[in-house]
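So this one's protein_6.cif, mmCIF, C-alpha atoms:
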data_protein
#
loop_
_atom_site.label_atom_id
_atom_site.label_comp_id
_atom_site.auth_asym_id
_atom_site.auth_seq_id
_atom_site.Cartn_x
_atom_site.Cartn_y
_atom_site.Cartn_z
CA MET P 1 0.00 0.00 0.00
CA SER P 2 1.19 3.48 -0.79
CA THR P 3 1.82 5.99 1.98
CA THR P 4 -1.31 7.58 3.34
CA PRO P 5 -1.83 11.01 1.83
CA THR P 6 -3.43 13.81 3.75
CA LEU P 7 -7.08 14.61 3.21
CA LEU P 8 -8.62 17.94 4.09
CA ARG P 9 -12.37 18.38 4.14
CA PRO P 10 -13.52 22.00 3.89
CA ALA P 11 -17.04 22.48 5.23
CA THR P 12 -17.95 25.47 3.07
CA ALA P 13 -17.04 26.86 -0.33
CA THR P 14 -15.26 29.76 1.39
CA ASP P 15 -12.91 27.33 3.14
CA VAL P 16 -11.85 25.76 -0.16
CA ALA P 17 -10.04 28.87 -1.34
CA GLY P 18 -6.41 28.55 -0.39
CA MET P 19 -6.58 24.82 0.32
CA LEU P 20 -6.42 23.94 -3.37
CA ARG P 21 -3.00 25.59 -3.64
CA ASP P 22 -1.37 22.55 -2.10
CA GLY P 23 -3.60 19.69 -3.10
CA ARG P 24 -5.81 18.02 -5.64
CA ALA P 25 -9.57 18.38 -5.45
CA ILE P 26 -11.37 15.10 -4.92
CA CYS P 27 -15.08 14.40 -4.94
CA GLY P 28 -16.28 10.91 -5.82
CA GLY P 29 -12.65 9.81 -6.16
CA THR P 30 -13.54 7.16 -8.73
CA ASP P 31 -10.90 8.42 -11.13
CA LEU P 32 -8.32 10.22 -8.98
CA LEU P 33 -7.82 7.23 -6.68
CA VAL P 34 -7.39 4.97 -9.70
CA GLN P 35 -4.78 7.36 -11.14
CA ARG P 36 -3.06 7.44 -7.74
CA ARG P 37 -2.95 3.67 -7.62
CA ALA P 38 -1.41 3.68 -11.10
CA GLY P 39 1.40 5.84 -9.78
CA ALA P 40 0.21 9.42 -10.21
CA PRO P 41 1.71 11.50 -7.39
CA VAL P 42 -1.13 12.65 -5.17
CA ALA P 43 0.22 13.71 -1.78
CA SER P 44 -2.59 15.89 -0.58
CA MET P 45 -6.29 15.90 -1.39
CA ILE P 46 -9.06 18.39 -0.77
CA ASP P 47 -12.40 16.63 -0.42
CA LEU P 48 -15.30 18.66 -1.80
CA THR P 49 -18.08 16.29 -0.68
CA ALA P 50 -18.83 18.21 2.54
CA ILE P 51 -19.71 21.31 0.51
CA ARG P 52 -22.63 19.36 -0.96
CA ASP P 53 -24.78 20.48 1.94
CA GLY P 54 -24.78 24.01 0.54
CA VAL P 55 -25.48 22.97 -3.05
CA PRO P 56 -28.92 21.64 -4.05
CA VAL P 57 -28.81 18.42 -6.11
CA LEU P 58 -31.04 20.15 -8.65
CA GLU P 59 -32.70 23.52 -8.79
CA GLU P 60 -34.72 25.38 -11.37
CA THR P 61 -33.93 29.06 -11.77
CA ALA P 62 -36.55 31.75 -12.30
CA ALA P 63 -35.60 31.75 -15.98
CA GLY P 64 -36.36 28.03 -16.25
CA ASP P 65 -32.73 26.91 -16.40
CA LEU P 66 -31.86 23.67 -14.63
CA ARG P 67 -28.87 23.83 -12.33
CA LEU P 68 -27.28 20.49 -11.49
CA SER P 69 -24.86 19.95 -8.62
CA ALA P 70 -21.36 19.07 -9.78
CA LEU P 71 -20.60 17.61 -6.35
CA HIS P 72 -23.34 15.01 -5.85
CA ALA P 73 -23.23 11.42 -7.07
CA LEU P 74 -24.58 10.78 -10.57
CA THR P 75 -27.33 8.55 -9.19
CA GLU P 76 -28.55 11.38 -6.95
CA ILE P 77 -28.68 13.71 -9.95
CA THR P 78 -30.65 11.33 -12.15
CA SER P 79 -33.08 10.47 -9.33
CA ALA P 80 -33.82 14.18 -8.96
CA LEU P 81 -34.23 14.72 -12.71
CA GLY P 82 -37.43 12.69 -13.16
CA GLU P 83 -38.31 12.90 -16.85
CA GLU P 84 -35.96 15.81 -17.59
CA LEU P 85 -32.75 15.73 -19.67
CA GLY P 86 -33.22 12.32 -21.28
CA PRO P 87 -29.80 12.15 -22.97
CA LEU P 88 -28.02 12.73 -19.64
CA ARG P 89 -30.13 10.17 -17.79
CA GLU P 90 -29.49 7.59 -20.51
CA ALA P 91 -25.76 8.26 -20.38
CA VAL P 92 -25.66 7.83 -16.62
CA ALA P 93 -27.60 4.57 -16.95
CA VAL P 94 -24.69 3.02 -18.87
CA PHE P 95 -21.92 4.87 -17.01
CA ALA P 96 -19.42 2.42 -15.43
CA SER P 97 -21.35 0.48 -12.78
CA THR P 98 -23.86 1.03 -9.98
CA THR P 99 -21.11 1.27 -7.36
CA ILE P 100 -19.24 3.89 -9.41
CA ARG P 101 -22.40 5.84 -10.28
CA ASN P 102 -23.09 6.02 -6.55
CA ARG P 103 -19.85 8.00 -6.08
CA ALA P 104 -18.83 9.62 -9.37
CA THR P 105 -19.81 13.24 -10.00
CA LEU P 106 -20.41 15.55 -12.96
CA GLY P 107 -17.64 17.80 -11.64
CA GLY P 108 -15.08 15.02 -11.73
CA ASN P 109 -16.18 13.70 -15.11
CA LEU P 110 -15.88 17.22 -16.56
CA ALA P 111 -12.63 18.21 -14.84
CA ASN P 112 -10.91 15.06 -16.10
CA GLY P 113 -11.25 16.31 -19.66
CA SER P 114 -11.51 12.82 -21.11
CA PRO P 115 -12.70 12.78 -24.75
CA ALA P 116 -14.51 9.55 -23.81
CA ALA P 117 -16.31 10.90 -20.71
CA ASP P 118 -19.87 9.63 -20.93
CA THR P 119 -21.67 12.59 -19.35
CA VAL P 120 -20.06 15.10 -21.72
CA PRO P 121 -21.88 14.33 -25.04
CA PRO P 122 -25.31 14.81 -23.43
CA LEU P 123 -24.15 17.96 -21.62
CA LEU P 124 -22.79 19.34 -24.89
CA VAL P 125 -26.07 18.58 -26.64
CA LEU P 126 -27.86 20.39 -23.82
CA ASP P 127 -25.67 23.53 -24.19
CA ALA P 128 -24.39 23.10 -20.64
CA VAL P 129 -22.65 26.00 -18.93
CA ILE P 130 -20.00 25.14 -16.34
CA ASP P 131 -20.14 27.23 -13.18
CA VAL P 132 -16.52 27.54 -12.06
CA VAL P 133 -15.62 28.90 -8.62
CA THR P 134 -12.56 31.16 -8.77
CA PRO P 135 -9.95 31.56 -6.00
CA ASP P 136 -11.44 34.90 -4.92
CA GLY P 137 -14.74 33.17 -4.22
CA GLY P 138 -16.46 34.47 -7.36
CA THR P 139 -17.96 32.41 -10.12
CA ARG P 140 -17.44 32.43 -13.84
CA ALA P 141 -19.74 30.69 -16.28
CA VAL P 142 -17.99 28.84 -19.10
CA PRO P 143 -19.95 27.29 -21.99
CA LEU P 144 -19.01 23.62 -22.12
CA ALA P 145 -17.84 23.94 -25.73
CA ASP P 146 -15.21 26.47 -24.56
CA PHE P 147 -14.43 24.54 -21.39
CA LEU P 148 -13.11 21.50 -23.27
CA LEU P 149 -9.59 22.14 -24.59
CA GLY P 150 -8.11 18.75 -25.39
CA PRO P 151 -7.38 15.32 -23.93
CA GLY P 152 -7.05 15.86 -20.17
CA ARG P 153 -7.20 19.62 -20.63
CA VAL P 154 -10.07 21.87 -19.59
CA GLN P 155 -10.49 25.55 -18.92
CA LEU P 156 -10.01 25.25 -15.17
CA GLY P 157 -7.31 27.46 -13.68
CA GLU P 158 -5.20 27.07 -10.58
CA GLN P 159 -7.35 26.61 -7.48
CA GLU P 160 -10.58 26.66 -9.46
CA TRP P 161 -13.29 24.07 -9.04
CA ILE P 162 -16.71 23.25 -10.50
CA ARG P 163 -19.75 23.92 -8.31
CA THR P 164 -22.72 23.43 -10.63
CA VAL P 165 -23.64 22.78 -14.26
CA THR P 166 -26.44 24.84 -15.78
CA ILE P 167 -28.70 23.67 -18.59
CA PRO P 168 -30.38 26.67 -20.27
CA ALA P 169 -34.18 26.55 -20.45
CA ALA P 170 -34.05 26.61 -24.26
CA ALA P 171 -32.04 23.37 -24.35
CA ARG P 172 -34.28 21.39 -22.00
CA GLY P 173 -36.16 19.94 -24.93
CA GLY P 174 -39.72 20.76 -23.95
CA VAL P 175 -42.40 18.13 -24.15
CA ARG P 176 -41.14 14.72 -25.21
CA PRO P 177 -38.20 15.56 -27.42
CA ASP P 178 -36.69 12.74 -29.42
CA ALA P 179 -33.47 12.24 -27.56
CA GLY P 180 -31.08 9.58 -26.46
CA PHE P 181 -27.59 8.31 -25.83
CA ARG P 182 -25.73 5.31 -27.17
CA LYS P 183 -22.28 4.07 -26.36
CA ILE P 184 -20.12 1.41 -27.90
CA GLY P 185 -17.78 -0.28 -25.46
CA GLY P 186 -16.01 -3.55 -24.84
CA ARG P 187 -18.83 -4.76 -22.63
CA ALA P 188 -22.03 -3.45 -21.12
CA ALA P 189 -20.67 -2.52 -17.69
CA GLN P 190 -17.47 -0.75 -16.62
CA ALA P 191 -16.51 0.02 -20.22
CA ILE P 192 -14.74 3.15 -21.34
CA SER P 193 -16.52 4.16 -24.53
CA PHE P 194 -14.94 3.40 -27.90
CA LEU P 195 -17.49 5.85 -29.14
CA SER P 196 -20.54 7.56 -27.71
CA MET P 197 -23.27 9.79 -29.05
CA ALA P 198 -26.02 11.92 -27.57
CA TRP P 199 -28.79 13.52 -29.56
CA GLN P 200 -31.92 15.60 -29.16
CA TRP P 201 -34.37 17.20 -31.56
CA ARG P 202 -38.03 18.06 -31.84
CA THR P 203 -40.32 16.69 -34.50
CA SER P 204 -42.86 19.17 -35.84
CA GLU P 205 -46.42 18.17 -36.70
CA ASP P 206 -45.50 17.72 -40.36
CA GLY P 207 -42.61 15.42 -39.42
CA ARG P 208 -39.73 17.87 -39.83
CA LEU P 209 -36.83 17.80 -37.37
CA THR P 210 -36.08 21.07 -35.63
CA ASP P 211 -33.53 22.19 -33.05
CA VAL P 212 -31.34 19.23 -34.08
CA ARG P 213 -28.44 18.61 -31.69
CA LEU P 214 -25.90 15.78 -31.77
CA ALA P 215 -22.58 15.30 -29.98
CA MET P 216 -20.07 12.50 -30.17
CA GLY P 217 -17.40 11.30 -27.75
CA ALA P 218 -14.02 9.58 -28.27
CA VAL P 219 -13.73 10.66 -31.92
CA ALA P 220 -11.68 13.87 -31.53
CA PRO P 221 -9.41 15.55 -28.93
CA THR P 222 -12.56 16.67 -27.15
CA VAL P 223 -16.19 15.62 -27.31
CA VAL P 224 -17.60 17.43 -30.37
CA ARG P 225 -20.91 18.66 -31.67
CA LEU P 226 -21.73 17.12 -35.07
CA THR P 227 -22.37 20.45 -36.77
CA ALA P 228 -22.32 19.14 -40.35
CA VAL P 229 -24.92 16.50 -39.49
CA GLU P 230 -26.99 19.03 -37.56
CA ARG P 231 -27.03 21.45 -40.51
CA LEU P 232 -27.96 18.70 -42.92
CA LEU P 233 -30.89 17.48 -40.84
CA GLU P 234 -32.30 20.77 -39.57
CA GLY P 235 -35.77 21.37 -40.95
CA THR P 236 -35.88 18.15 -42.98
CA THR P 237 -38.02 15.04 -42.83
CA PRO P 238 -35.36 12.39 -43.01
CA GLY P 239 -36.07 9.62 -45.48
CA PRO P 240 -33.61 6.89 -46.50
CA GLU P 241 -31.50 9.24 -48.67
CA GLN P 242 -31.33 11.94 -46.02
CA ILE P 243 -30.32 9.39 -43.40
CA GLU P 244 -27.51 8.06 -45.59
CA ALA P 245 -26.35 11.63 -46.29
CA ALA P 246 -26.30 12.32 -42.54
CA ALA P 247 -24.37 9.12 -41.86
CA ALA P 248 -21.83 10.20 -44.49
CA ALA P 249 -21.63 13.78 -43.20
CA VAL P 250 -20.48 12.68 -39.74
CA ASP P 251 -17.07 12.06 -41.31
CA GLN P 252 -16.55 15.84 -41.57
CA ASP P 253 -17.24 16.36 -37.89
CA ILE P 254 -14.87 13.81 -36.38
CA ARG P 255 -11.12 13.19 -36.24
CA PRO P 256 -10.80 9.74 -34.70
CA ILE P 257 -7.45 8.15 -33.90
CA ASP P 258 -6.18 4.60 -33.47
CA ASP P 259 -5.74 3.85 -29.79
CA LEU P 260 -5.75 0.90 -27.44
CA ARG P 261 -9.52 0.67 -27.51
CA ALA P 262 -10.42 0.95 -31.20
CA SER P 263 -9.03 1.90 -34.59
CA ALA P 264 -9.88 5.14 -36.36
CA ALA P 265 -11.48 3.20 -39.22
CA TYR P 266 -13.71 1.24 -36.85
CA ARG P 267 -14.70 4.46 -35.11
CA ARG P 268 -15.69 6.03 -38.44
CA ARG P 269 -17.91 3.05 -39.27
CA CYS P 270 -19.45 3.14 -35.80
CA ALA P 271 -20.01 6.89 -36.01
CA ALA P 272 -22.05 6.47 -39.20
CA GLY P 273 -23.91 3.57 -37.62
CA LEU P 274 -24.85 5.57 -34.54
CA VAL P 275 -26.23 8.40 -36.69
CA ARG P 276 -28.35 5.87 -38.60
CA GLU P 277 -29.50 4.35 -35.33
CA ALA P 278 -30.47 7.71 -33.86
CA LEU P 279 -32.50 8.46 -36.97
CA GLY P 280 -34.29 5.15 -36.66
CA ALA P 281 -32.92 3.61 -39.83
CA LEU P 282 -31.92 0.45 -38.01
CA ALA P 283 -34.19 -1.82 -36.06
CA THR P 284 -33.44 -0.36 -32.66
CA ARG P 285 -34.39 -1.32 -29.22
CA PRO P 286 -37.00 0.85 -27.57
CA PRO P 287 -35.57 3.68 -25.45
CA ARG P 288 -34.21 2.31 -22.24
CA ASP P 289 -35.17 3.61 -18.89
CA GLU P 290 -32.51 4.05 -16.24
CA ARG P 291 -32.53 0.63 -14.72
CA GLN P 292 -32.37 -1.34 -17.95
CA HIS P 293 -29.23 -2.41 -19.65
CA PRO P 294 -28.20 -2.78 -23.27
CA TRP P 295 -28.22 -6.56 -23.23
CA THR P 296 -31.90 -6.82 -22.33
CA MET U 1 -19.13 7.55 11.60
CA ARG U 2 -21.58 4.76 12.33
CA LEU U 3 -20.25 1.34 11.44
CA ASN U 4 -22.69 -1.57 11.35
CA GLY U 5 -25.04 0.34 13.62
CA VAL U 6 -22.41 1.29 16.19
CA GLU U 7 -21.17 4.84 16.66
CA ILE U 8 -17.41 4.99 16.17
CA GLY U 9 -15.51 7.60 18.15
CA SER U 10 -13.50 10.21 16.35
CA VAL U 11 -11.10 8.92 13.71
CA PRO U 12 -7.55 10.35 14.01
CA ALA U 13 -6.76 12.86 11.25
CA GLU U 14 -3.76 10.88 10.03
CA LEU U 15 -6.17 8.13 8.98
CA HIS U 16 -8.46 10.42 6.97
CA GLY U 17 -6.49 9.88 3.77
CA MET U 18 -6.66 6.11 4.14
CA ARG U 19 -8.87 4.07 1.84
CA LEU U 20 -12.06 2.96 3.59
CA LEU U 21 -11.17 -0.61 2.55
CA ASP U 22 -7.84 -0.49 4.40
CA TYR U 23 -9.43 1.19 7.40
CA LEU U 24 -12.11 -1.48 7.73
CA ARG U 25 -9.65 -4.34 7.40
CA ALA U 26 -6.61 -3.05 9.28
CA GLU U 27 -8.09 -0.69 11.86
CA ARG U 28 -11.49 -2.27 12.53
CA GLY U 29 -10.66 -5.93 11.91
CA LEU U 30 -13.56 -6.27 9.47
CA THR U 31 -12.02 -8.45 6.78
CA GLY U 32 -15.24 -9.22 4.91
CA ALA U 33 -14.54 -6.56 2.28
CA LYS U 34 -11.83 -7.91 -0.01
CA GLU U 35 -9.37 -6.17 -2.26
CA GLY U 36 -9.59 -7.50 -5.79
CA CYS U 37 -8.50 -4.91 -8.32
CA GLY U 38 -8.22 -1.79 -6.16
CA MET U 39 -9.64 0.23 -9.06
CA GLY U 40 -13.40 -0.03 -8.62
CA GLU U 41 -13.71 -2.60 -11.40
CA CYS U 42 -14.37 -5.86 -9.55
CA GLY U 43 -16.65 -4.97 -6.66
CA SER U 44 -15.21 -7.39 -4.09
CA CYS U 45 -14.68 -4.47 -1.68
CA THR U 46 -18.28 -3.24 -1.98
CA VAL U 47 -19.81 -1.86 1.21
CA VAL U 48 -22.94 0.22 1.78
CA VAL U 49 -22.47 3.92 2.58
CA ASP U 50 -25.67 5.79 3.52
CA GLY U 51 -27.72 3.16 1.72
CA ALA U 52 -25.68 3.16 -1.50
CA ALA U 53 -23.39 0.33 -2.58
CA VAL U 54 -19.89 1.69 -3.24
CA THR U 55 -16.44 0.25 -3.79
CA SER U 56 -14.54 0.93 -0.56
CA CYS U 57 -11.21 0.97 -2.45
CA LEU U 58 -12.27 4.29 -3.99
CA VAL U 59 -13.54 5.96 -0.82
CA LEU U 60 -11.32 7.72 1.70
CA VAL U 61 -12.09 7.53 5.41
CA GLY U 62 -12.17 11.31 5.74
CA GLN U 63 -14.99 11.47 3.20
CA VAL U 64 -17.37 9.32 5.24
CA LEU U 65 -16.87 10.56 8.81
CA ASP U 66 -20.54 11.53 9.03
CA ALA U 67 -21.85 8.50 7.16
CA GLU U 68 -23.58 5.25 8.08
CA ILE U 69 -21.45 2.36 6.84
CA ARG U 70 -22.51 -1.25 6.59
CA THR U 71 -20.20 -4.14 5.80
CA VAL U 72 -21.07 -7.80 5.25
CA GLU U 73 -20.45 -8.36 8.97
CA GLY U 74 -23.45 -6.13 9.77
CA LEU U 75 -25.77 -7.56 7.16
CA ALA U 76 -27.72 -10.00 9.34
CA ASP U 77 -28.28 -7.37 12.06
CA ALA U 78 -29.66 -5.09 9.35
CA GLY U 79 -32.36 -7.62 8.51
CA HIS U 80 -30.65 -9.38 5.63
CA GLU U 81 -30.23 -12.82 7.16
CA PRO U 82 -32.83 -14.20 4.70
CA LEU U 83 -30.62 -13.02 1.83
CA GLN U 84 -27.61 -14.79 3.28
CA ARG U 85 -29.61 -17.98 3.88
CA ALA U 86 -30.93 -17.81 0.31
CA PHE U 87 -27.37 -17.63 -1.03
CA VAL U 88 -26.57 -20.82 0.88
CA ALA U 89 -29.77 -22.57 -0.13
CA ARG U 90 -29.25 -21.72 -3.80
CA GLN U 91 -25.59 -22.74 -3.60
CA ALA U 92 -24.72 -19.36 -5.04
CA VAL U 93 -21.26 -19.41 -3.48
CA GLN U 94 -18.29 -21.18 -4.96
CA CYS U 95 -14.91 -19.66 -4.16
CA GLY U 96 -16.62 -16.94 -2.16
CA TYR U 97 -14.20 -14.08 -2.79
CA CYS U 98 -16.80 -11.85 -4.46
CA ILE U 99 -19.63 -12.76 -2.10
CA PRO U 100 -19.32 -10.05 0.58
CA GLY U 101 -19.45 -7.44 -2.17
CA VAL U 102 -22.25 -9.20 -4.03
CA LEU U 103 -24.31 -9.50 -0.83
CA ASN U 104 -23.87 -5.80 -0.10
CA SER U 105 -24.95 -4.81 -3.61
CA CYS U 106 -28.00 -7.09 -3.37
CA ALA U 107 -28.87 -5.85 0.14
CA ALA U 108 -28.67 -2.21 -0.94
CA LEU U 109 -31.00 -3.05 -3.82
CA LEU U 110 -33.50 -4.85 -1.57
CA ASP U 111 -33.53 -1.90 0.84
CA ARG U 112 -34.48 0.35 -2.05
CA VAL U 113 -36.60 -2.04 -4.15
CA PRO U 114 -38.33 -4.69 -2.03
CA ASP U 115 -39.27 -6.89 -4.98
CA PRO U 116 -36.73 -6.35 -7.77
CA ASP U 117 -36.97 -7.93 -11.22
CA ASP U 118 -34.04 -9.55 -13.02
CA ASP U 119 -33.09 -6.31 -14.78
CA GLN U 120 -32.85 -4.44 -11.53
CA ILE U 121 -30.75 -7.19 -9.95
CA ARG U 122 -28.46 -7.26 -13.00
CA THR U 123 -28.00 -3.50 -12.85
CA ALA U 124 -27.33 -3.60 -9.11
CA LEU U 125 -24.64 -6.23 -9.74
CA ASP U 126 -23.06 -4.61 -12.80
CA GLY U 127 -20.06 -3.62 -10.69
CA ASN U 128 -19.54 -7.03 -9.11
CA LEU U 129 -17.41 -9.60 -10.93
CA CYS U 130 -17.84 -13.28 -10.10
CA ARG U 131 -15.28 -15.56 -11.72
CA CYS U 132 -17.18 -18.69 -10.74
CA THR U 133 -20.12 -17.17 -12.69
CA ALA U 134 -22.89 -17.88 -10.26
CA TYR U 135 -24.85 -14.86 -11.44
CA ASN U 136 -28.06 -16.72 -12.21
CA ARG U 137 -27.96 -18.19 -8.71
CA PHE U 138 -27.53 -14.69 -7.28
CA TYR U 139 -30.72 -13.66 -9.08
CA ASP U 140 -32.58 -16.69 -7.72
CA ALA U 141 -31.33 -15.99 -4.20
CA VAL U 142 -32.42 -12.35 -4.34
CA HIS U 143 -35.88 -13.39 -5.54
CA ASP U 144 -36.07 -15.93 -2.69
CA ALA U 145 -35.11 -13.33 -0.12
CA ALA U 146 -37.63 -10.84 -1.51
CA CYS U 147 -40.31 -13.53 -1.49
CA GLU U 148 -39.54 -14.51 2.09
CA ARG U 149 -39.79 -10.95 3.21
CA ARG U 150 -43.14 -10.57 1.43
CA THR U 151 -44.46 -13.70 3.08
CA ASP U 152 -43.24 -12.54 6.50
CA GLU U 153 -44.94 -9.22 6.07
CA ALA U 154 -48.21 -10.87 5.07
CA GLY U 155 -48.14 -12.74 8.38
CA PRO U 156 -49.28 -16.32 9.05
CA ALA U 157 -51.98 -17.63 6.76
#
Using C-alpha cells, write down the structure that the file contains.
Amino acid sequence: MSTTPTLLRPATATDVAGMLRDGRAICGGTDLLVQRRAGAPVASMIDLTAIRDGVPVLEETAAGDLRLSALHALTEITSALGEELGPLREAVAVFASTTIRNRATLGGNLANGSPAADTVPPLLVLDAVIDVVTPDGGTRAVPLADFLLGPGRVQLGEQEWIRTVTIPAAARGGVRPDAGFRKIGGRAAQAISFLSMAWQWRTSEDGRLTDVRLAMGAVAPTVVRLTAVERLLEGTTPGPEQIEAAAAAVDQDIRPIDDLRASAAYRRRCAAGLVREALGALATRPPRDERQHPWT
Amino acid sequence: MRLNGVEIGSVPAELHGMRLLDYLRAERGLTGAKEGCGMGECGSCTVVVDGAAVTSCLVLVGQVLDAEIRTVEGLADAGHEPLQRAFVARQAVQCGYCIPGVLNSCAALLDRVPDPDDDQIRTALDGNLCRCTAYNRFYDAVHDAACERRTDEAGPA
C-alpha cells in the first residue's frame, strides 16, 4: 500500500479557497484514486463532498434553467431529474457500474477532460454551462464547448473548481423531445466508450426535425458537436437518402485516432452507424429507462 | 461515523487519507470486504455507505466521517439474514471471494426495491465480478429473499 496522503475536508465553499493551492480536489474519487494507484503522485487531497450540503442536487432558476450539482453522485442527480434531460439520464444509466455511479460526479467527469467521458456528449447537446468557482470566491460561467480544450485539458485554472452545471431553459427539450444516448464499449458494464453519441431534436407536426443537436465522444481531442450532421438534418423530414447523407456527413465532424480501444477506421464506421441508429434507420431497441441495460 | 449500527468515536486525522477498505480491514478488523482490483472494477470491496453500494477501495475515510457504513459483517443485524440464507440454499457461493461485495450490492438493492426484477438485480450487480459465474444463482437468491420478506410481512396464513 502506498503511503497515506493527507485529506482535508472543507465544510464550506469559502474554506476551499487557499486549500487547493497545495492539493488536488477530490469528490467521488472514482478516477483520482485509480490514477493514484497507477502511480500518479497525489500527496494531498481536498475533499469537496462536505460542501454538498450548501449545493442543491437540482434547482430550477426563475428563468427556467436547470442547475445540477457538480458535487453530488450521478445517481442522486438522475433520481432528482425525473423525466428531464433524457440524454443525460441515458448516459448515466450506462456509465461504469452502480457502485461507481453512486460516487462519481459531474464535476469530476468534466474536470478530467476525457474525450470519452460519458456525461459530456449529453451535456454538450444540452448547451451546458459550467459554473466555475474562482480563488477569490467568485464564479465564472464557461460554456461547455469552450471549457473542453483537449485530452485531459479543460479551462479550469489554478485553485478553481466546479460547483454546478447549468442547462439553459431553451435546451431542455420541452415536451417529449426525441433524444437519447448510445455508447459502444467492450462490454455493457465498466466500459470506457470506444465511441458515444447523444442527440436531441423536436419533430414538428409535419414530421420535420427542428432544433437538431448531436454530440459524439471519443472521436476527436474533445467531445464534439456534429455540426455538419446538424445542418444537414435541420428542418428536414429524413427519409432513407437523407439518413444516408447524414451518416456520411459525420465524417466531416470527427477526427478519430487509433488507440488501445479501437481503430480510427472502426470508429468512423461506428459513427455512421450511430447516426443511422439515432435516426431510426436500423431496427433499434426501444428507449431504455434508467434501470435497464443494453443486453436486455 | 456509524459502522454496522455502532457509533465509532473520532477517527484520528492521520487516517483520513486512508482508503475505507484499508481502514475497515486493518483498523477495525472487518475483513469481509476484499481487495480484488483496487480500481473499482471488480466490486469485491463493496460496502454500503448511507444506503448506496460503493467500492470501498475508492472511498477515503475522511470522506465518510458523518456516514452510516454497513459491511457484510453487519448484514444480518440489518435484517438481511434471509438473503444470506438464500445464497446458501441456492448454492450461489463457490470460491466466495466476491460474495461479501455481491451481498452488499443485493442488500442495498432490496432496501431500495423490495421486490426487484431480473433487470434491476443485473444492474445492481453490474459492478460485481464473479469468476465462478454464479450470477443466475444470485438472481434466484435475491428473488427468494424478496419472497420470504413478502411472506413474513403478510403474516401467518
Could you build a table of the residues in chain U lying no more than 7 Å from chain P, giving for each the nearest pair of atoms and their separation in Å rounded to one decimal place, using all atoms listed in the file, ordered by chain and ascending residue number, as JSON lines?
{"residue": "U:Glu14", "atom": "CA", "partner": "P:Thr6", "partner_atom": "CA", "distance": 6.9}
{"residue": "U:His16", "atom": "CA", "partner": "P:Leu7", "partner_atom": "CA", "distance": 5.8}
{"residue": "U:Gly17", "atom": "CA", "partner": "P:Leu7", "partner_atom": "CA", "distance": 4.8}
{"residue": "U:Met18", "atom": "CA", "partner": "P:Thr4", "partner_atom": "CA", "distance": 5.6}
{"residue": "U:Met39", "atom": "CA", "partner": "P:Val34", "partner_atom": "CA", "distance": 5.3}
{"residue": "U:Glu41", "atom": "CA", "partner": "P:Gln190", "partner_atom": "CA", "distance": 6.7}
{"residue": "U:Ala52", "atom": "CA", "partner": "P:Asn102", "partner_atom": "CA", "distance": 6.4}
{"residue": "U:Ala53", "atom": "CA", "partner": "P:Thr99", "partner_atom": "CA", "distance": 5.4}
{"residue": "U:Val54", "atom": "CA", "partner": "P:Thr99", "partner_atom": "CA", "distance": 4.3}
{"residue": "U:Thr55", "atom": "CA", "partner": "P:Thr99", "partner_atom": "CA", "distance": 6.0}
{"residue": "U:Leu58", "atom": "CA", "partner": "P:Thr30", "partner_atom": "CA", "distance": 5.7}
{"residue": "U:Val59", "atom": "CA", "partner": "P:Gly29", "partner_atom": "CA", "distance": 6.6}
{"residue": "U:Gly62", "atom": "CA", "partner": "P:Leu7", "partner_atom": "CA", "distance": 6.6}
{"residue": "U:Gln63", "atom": "CA", "partner": "P:Asp47", "partner_atom": "CA", "distance": 6.8}
{"residue": "U:Asp119", "atom": "CA", "partner": "P:Gln292", "partner_atom": "CA", "distance": 5.9}
{"residue": "U:Gln120", "atom": "CA", "partner": "P:Arg291", "partner_atom": "CA", "distance": 6.0}
{"residue": "U:Thr123", "atom": "CA", "partner": "P:Arg291", "partner_atom": "CA", "distance": 6.4}
{"residue": "U:Ala124", "atom": "CA", "partner": "P:Thr98", "partner_atom": "CA", "distance": 5.9}
{"residue": "U:Asp126", "atom": "CA", "partner": "P:Ser97", "partner_atom": "CA", "distance": 5.4}
{"residue": "U:Gly127", "atom": "CA", "partner": "P:Ser97", "partner_atom": "CA", "distance": 4.8}
Could you write those residues out with C-alpha atoms, as a compact mmCIF listing (two decimals), in the frame of the given file?
# COMPACT_ATOMS: atom_id res chain seq x y z
CA GLU U 14 -3.76 10.88 10.03
CA HIS U 16 -8.46 10.42 6.97
CA GLY U 17 -6.49 9.88 3.77
CA MET U 18 -6.66 6.11 4.14
CA MET U 39 -9.64 0.23 -9.06
CA GLU U 41 -13.71 -2.60 -11.40
CA ALA U 52 -25.68 3.16 -1.50
CA ALA U 53 -23.39 0.33 -2.58
CA VAL U 54 -19.89 1.69 -3.24
CA THR U 55 -16.44 0.25 -3.79
CA LEU U 58 -12.27 4.29 -3.99
CA VAL U 59 -13.54 5.96 -0.82
CA GLY U 62 -12.17 11.31 5.74
CA GLN U 63 -14.99 11.47 3.20
CA ASP U 119 -33.09 -6.31 -14.78
CA GLN U 120 -32.85 -4.44 -11.53
CA THR U 123 -28.00 -3.50 -12.85
CA ALA U 124 -27.33 -3.60 -9.11
CA ASP U 126 -23.06 -4.61 -12.80
CA GLY U 127 -20.06 -3.62 -10.69
Mind telling me what the PyMOL selection byres ((chain P and resi 126) around 7) catches here, as a PDB file with C-alpha atoms, in the coordinates of the input?
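Below you can see result.pdb, which holds the result:
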ATOM      1  CA  PRO P 122     -25.310  14.810 -23.430  1.00  0.00           C
ATOM      2  CA  LEU P 123     -24.150  17.960 -21.620  1.00  0.00           C
ATOM      3  CA  LEU P 124     -22.790  19.340 -24.890  1.00  0.00           C
ATOM      4  CA  VAL P 125     -26.070  18.580 -26.640  1.00  0.00           C
ATOM      5  CA  ASP P 127     -25.670  23.530 -24.190  1.00  0.00           C
ATOM      6  CA  ALA P 128     -24.390  23.100 -20.640  1.00  0.00           C
ATOM      7  CA  ILE P 167     -28.700  23.670 -18.590  1.00  0.00           C
ATOM      8  CA  ALA P 171     -32.040  23.370 -24.350  1.00  0.00           C
ATOM      9  CA  ARG P 172     -34.280  21.390 -22.000  1.00  0.00           C
TER      10      ARG P 172
END
Exercise. Which residue out of U:Asp118, U:Glu35, U:Glu73, U:Glu27 has the minimum interatomic distance to Val61 of chain U when all atoms listed in the file are used?
Worked result: U:Glu27
For this session: Measuring atom to atom with all atoms listed in the file, identify which of U:Ile121, U:Cys57, U:Ala141, U:Cys45 is nearest to Gly32 of chain U.
Result: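 Using all atoms listed in the file, the shortest distance to Gly32 of chain U belongs to U:Cys45.
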